[in-house]
Amino acid sequence: QAQLLESGGGLVQPGGSLRLSCLSSENIFFFNTMGWYRQAPGKERELVAQINLSGVTTYGDSVQGRFTISRDGAKKSIYLQMNNLKSEDTSVYYCSARVLSRTTWGQGIPVTVAG
């Protein structure tokens with residue numbers, strides 16, 4: 001089973017930027033879709049952004065225009081560039097990879113927007 005490792009989270013002030021990375025143990029083009037989800041305490045996990053094999057991207061309504069998902073096949077990685085961060089973006093962010101009906105999750109990385 002593939003393994004996903006997130007990095008790049010941390011503490012940032014409102015209006016600031018962060019870039020999350022997700023390193024896959026497998027060729028990322030093995031997956032139908034890769035993406036980022038987030039889950040805040042007491043809330044359900046929600047889609048942040050995803051990218052499919054064709055490169056088509058989808059974003060959650062709350063991050064549209066502020067976040068950008070990208071990928072680098074040679075580095076077996078996907079990225080999430082987060083700009084103009086808001087306090088409501090504070091959450092644990094999870095990398096995901098789906099092939100057919102099977103989804104693999106990273107362990108999650110916290111992002112805190114405060115200050």
# chains A, B, ... in the order shown; residues from 1 in each chain; ligands from 1
>>> residues_around(residues="Val99 in chain A", least_positions_apart="3", cutoff="8 Å", atoms="only C-alpha atoms", output="list in words")
Phe30, Phe31, Asn32, Thr33, Arg102 and Thr103 of chain A
>>> select_by_dssp(residues="range 16-96 of chain A", states="strand (DSSP E)", output="PyMOL selection string")
chain A and resi 18-24+33-39+46-52+57-59+67-72+77-82+91-96
>>> closest_residue(among="A:Thr58, A:Ser91, A:Ser101, A:Thr68", to="Ala114 in chain A", atoms="only C-alpha atoms")
A:Ser91
>>> closest_residue(among="A:Arg45, A:Arg19, A:Arg71, A:Arg38", to="Asn84 in chain A", atoms="only C-alpha atoms")
A:Arg19
>>> closest_atom_pairs(of="range 18-110 of chain A", to="range 2-13 of chain A", cutoff="8 Å", atoms="only C-alpha atoms", output="CSV")
residue,atom,partner,partner_atom,distance
A:Leu18,CA,A:Gly9,CA,7.1
A:Arg19,CA,A:Gly8,CA,5.9
A:Leu20,CA,A:Gly8,CA,4.6
A:Ser21,CA,A:Ser7,CA,5.2
A:Cys22,CA,A:Glu6,CA,4.4
A:Leu23,CA,A:Leu5,CA,5.1
A:Ser24,CA,A:Leu4,CA,4.7
A:Ser25,CA,A:Gln3,CA,5.3
A:Glu26,CA,A:Ala2,CA,5.9
A:Leu85,CA,A:Gln13,CA,7.6
A:Tyr94,CA,A:Glu6,CA,7.4
A:Cys95,CA,A:Glu6,CA,6.6
A:Ser96,CA,A:Leu4,CA,7.6
A:Thr104,CA,A:Ala2,CA,7.0
A:Trp105,CA,A:Leu4,CA,6.6
A:Gly106,CA,A:Leu4,CA,4.7
A:Gln107,CA,A:Leu5,CA,7.1
A:Gly108,CA,A:Glu6,CA,6.5
A:Ile109,CA,A:Gly9,CA,5.9
A:Pro110,CA,A:Gly9,CA,5.7
>>> write_last_selection(atoms="N, CA, C and O atoms", output="short mmCIF file (atom, residue, chain, number, x, y, z; two decimals), in the first residue's frame")
data_model
loop_
_atom_site.label_atom_id
_atom_site.label_comp_id
_atom_site.auth_asym_id
_atom_site.auth_seq_id
_atom_site.Cartn_x
_atom_site.Cartn_y
_atom_site.Cartn_z
N LEU A 18 1.60 29.56 3.27
CA LEU A 18 2.30 28.32 3.56
C LEU A 18 2.21 27.43 2.33
O LEU A 18 1.25 27.53 1.56
N ARG A 19 3.18 26.54 2.21
CA ARG A 19 3.14 25.55 1.13
C ARG A 19 3.28 24.16 1.74
O ARG A 19 4.30 23.86 2.36
N LEU A 20 2.25 23.37 1.55
CA LEU A 20 2.29 21.99 2.01
C LEU A 20 2.80 21.09 0.90
O LEU A 20 2.51 21.32 -0.28
N SER A 21 3.53 20.06 1.30
CA SER A 21 4.03 19.06 0.36
C SER A 21 3.56 17.68 0.80
O SER A 21 3.42 17.42 2.00
N CYS A 22 3.34 16.82 -0.17
CA CYS A 22 2.97 15.43 0.11
C CYS A 22 3.82 14.54 -0.78
O CYS A 22 3.71 14.60 -2.01
N LEU A 23 4.67 13.76 -0.13
CA LEU A 23 5.54 12.84 -0.84
C LEU A 23 4.92 11.45 -0.84
O LEU A 23 4.59 10.90 0.22
N SER A 24 4.77 10.89 -2.03
CA SER A 24 4.21 9.56 -2.19
C SER A 24 5.31 8.51 -2.34
O SER A 24 6.35 8.77 -2.95
N SER A 25 5.04 7.32 -1.81
CA SER A 25 6.00 6.23 -1.98
C SER A 25 5.84 5.59 -3.36
O SER A 25 6.69 4.80 -3.78
N GLU A 26 4.72 5.93 -4.05
CA GLU A 26 4.44 5.37 -5.36
C GLU A 26 4.39 6.47 -6.42
O GLU A 26 4.23 7.66 -6.10
N LEU A 85 -4.02 33.38 4.13
CA LEU A 85 -4.59 32.46 5.10
C LEU A 85 -5.43 33.19 6.13
O LEU A 85 -5.14 34.33 6.52
N TYR A 94 -4.69 16.78 5.50
CA TYR A 94 -4.36 15.41 5.13
C TYR A 94 -4.18 15.29 3.62
O TYR A 94 -5.01 15.80 2.84
N CYS A 95 -3.14 14.61 3.24
CA CYS A 95 -2.94 14.26 1.84
C CYS A 95 -3.71 12.97 1.56
O CYS A 95 -3.77 12.08 2.43
N SER A 96 -4.29 12.88 0.38
CA SER A 96 -5.04 11.67 0.03
C SER A 96 -4.67 11.24 -1.38
O SER A 96 -4.30 12.06 -2.22
N THR A 104 -6.00 6.20 0.18
CA THR A 104 -4.91 6.19 1.16
C THR A 104 -4.75 7.58 1.73
O THR A 104 -4.85 8.57 0.99
N TRP A 105 -4.51 7.65 3.04
CA TRP A 105 -4.38 8.93 3.74
C TRP A 105 -3.00 9.07 4.34
O TRP A 105 -2.41 8.11 4.82
N GLY A 106 -2.51 10.30 4.34
CA GLY A 106 -1.33 10.61 5.13
C GLY A 106 -1.73 10.74 6.58
O GLY A 106 -2.91 10.69 6.94
N GLN A 107 -0.75 10.96 7.43
CA GLN A 107 -1.03 11.03 8.87
C GLN A 107 -1.54 12.40 9.29
O GLN A 107 -2.02 12.56 10.41
N GLY A 108 -1.43 13.36 8.42
CA GLY A 108 -1.94 14.70 8.71
C GLY A 108 -0.87 15.63 9.24
O GLY A 108 0.09 15.19 9.88
N ILE A 109 -1.05 16.91 8.96
CA ILE A 109 -0.10 17.91 9.44
C ILE A 109 -0.88 19.14 9.86
O ILE A 109 -1.78 19.59 9.15
N PRO A 110 -0.59 19.68 11.04
CA PRO A 110 -1.35 20.83 11.52
C PRO A 110 -0.92 22.15 10.88
O PRO A 110 0.26 22.38 10.64
#
>>> atom_distance(atom1="CA of Gly15 in chain A", atom2="CA of Ser70 in chain A")
21.0 Å
>>> closest_residue(among="A:Val56, A:Val111, A:Leu47, A:Leu100", to="Ser87 in chain A", atoms="only C-alpha atoms")
A:Val111
>>> select_by_dssp(residues="chain A", states="helix (DSSP H, G or I)", output="list in words")
Ile28, Phe29, Phe30, Gly73, Ala74, Lys75, Ser87, Glu88 and Asp89 of chain A
>>> decode(residues="range 101-112 of chain A", atoms="C-alpha atoms", output="PDB file, in the first residue's frame")
ATOM      1  CA  SER A 101     -12.558   2.931  -4.625  1.00  0.00           C
ATOM      2  CA  ARG A 102      -9.504   2.758  -2.396  1.00  0.00           C
ATOM      3  CA  THR A 103      -8.224   5.884  -0.636  1.00  0.00           C
ATOM      4  CA  THR A 104      -4.909   6.185   1.159  1.00  0.00           C
ATOM      5  CA  TRP A 105      -4.377   8.931   3.736  1.00  0.00           C
ATOM      6  CA  GLY A 106      -1.333  10.611   5.129  1.00  0.00           C
ATOM      7  CA  GLN A 107      -1.033  11.035   8.868  1.00  0.00           C
ATOM      8  CA  GLY A 108      -1.938  14.700   8.706  1.00  0.00           C
ATOM      9  CA  ILE A 109      -0.097  17.914   9.440  1.00  0.00           C
ATOM     10  CA  PRO A 110      -1.353  20.826  11.520  1.00  0.00           C
ATOM     11  CA  VAL A 111      -1.719  24.342  10.172  1.00  0.00           C
ATOM     12  CA  THR A 112      -2.448  27.128  12.631  1.00  0.00           C
TER      13      THR A 112
END
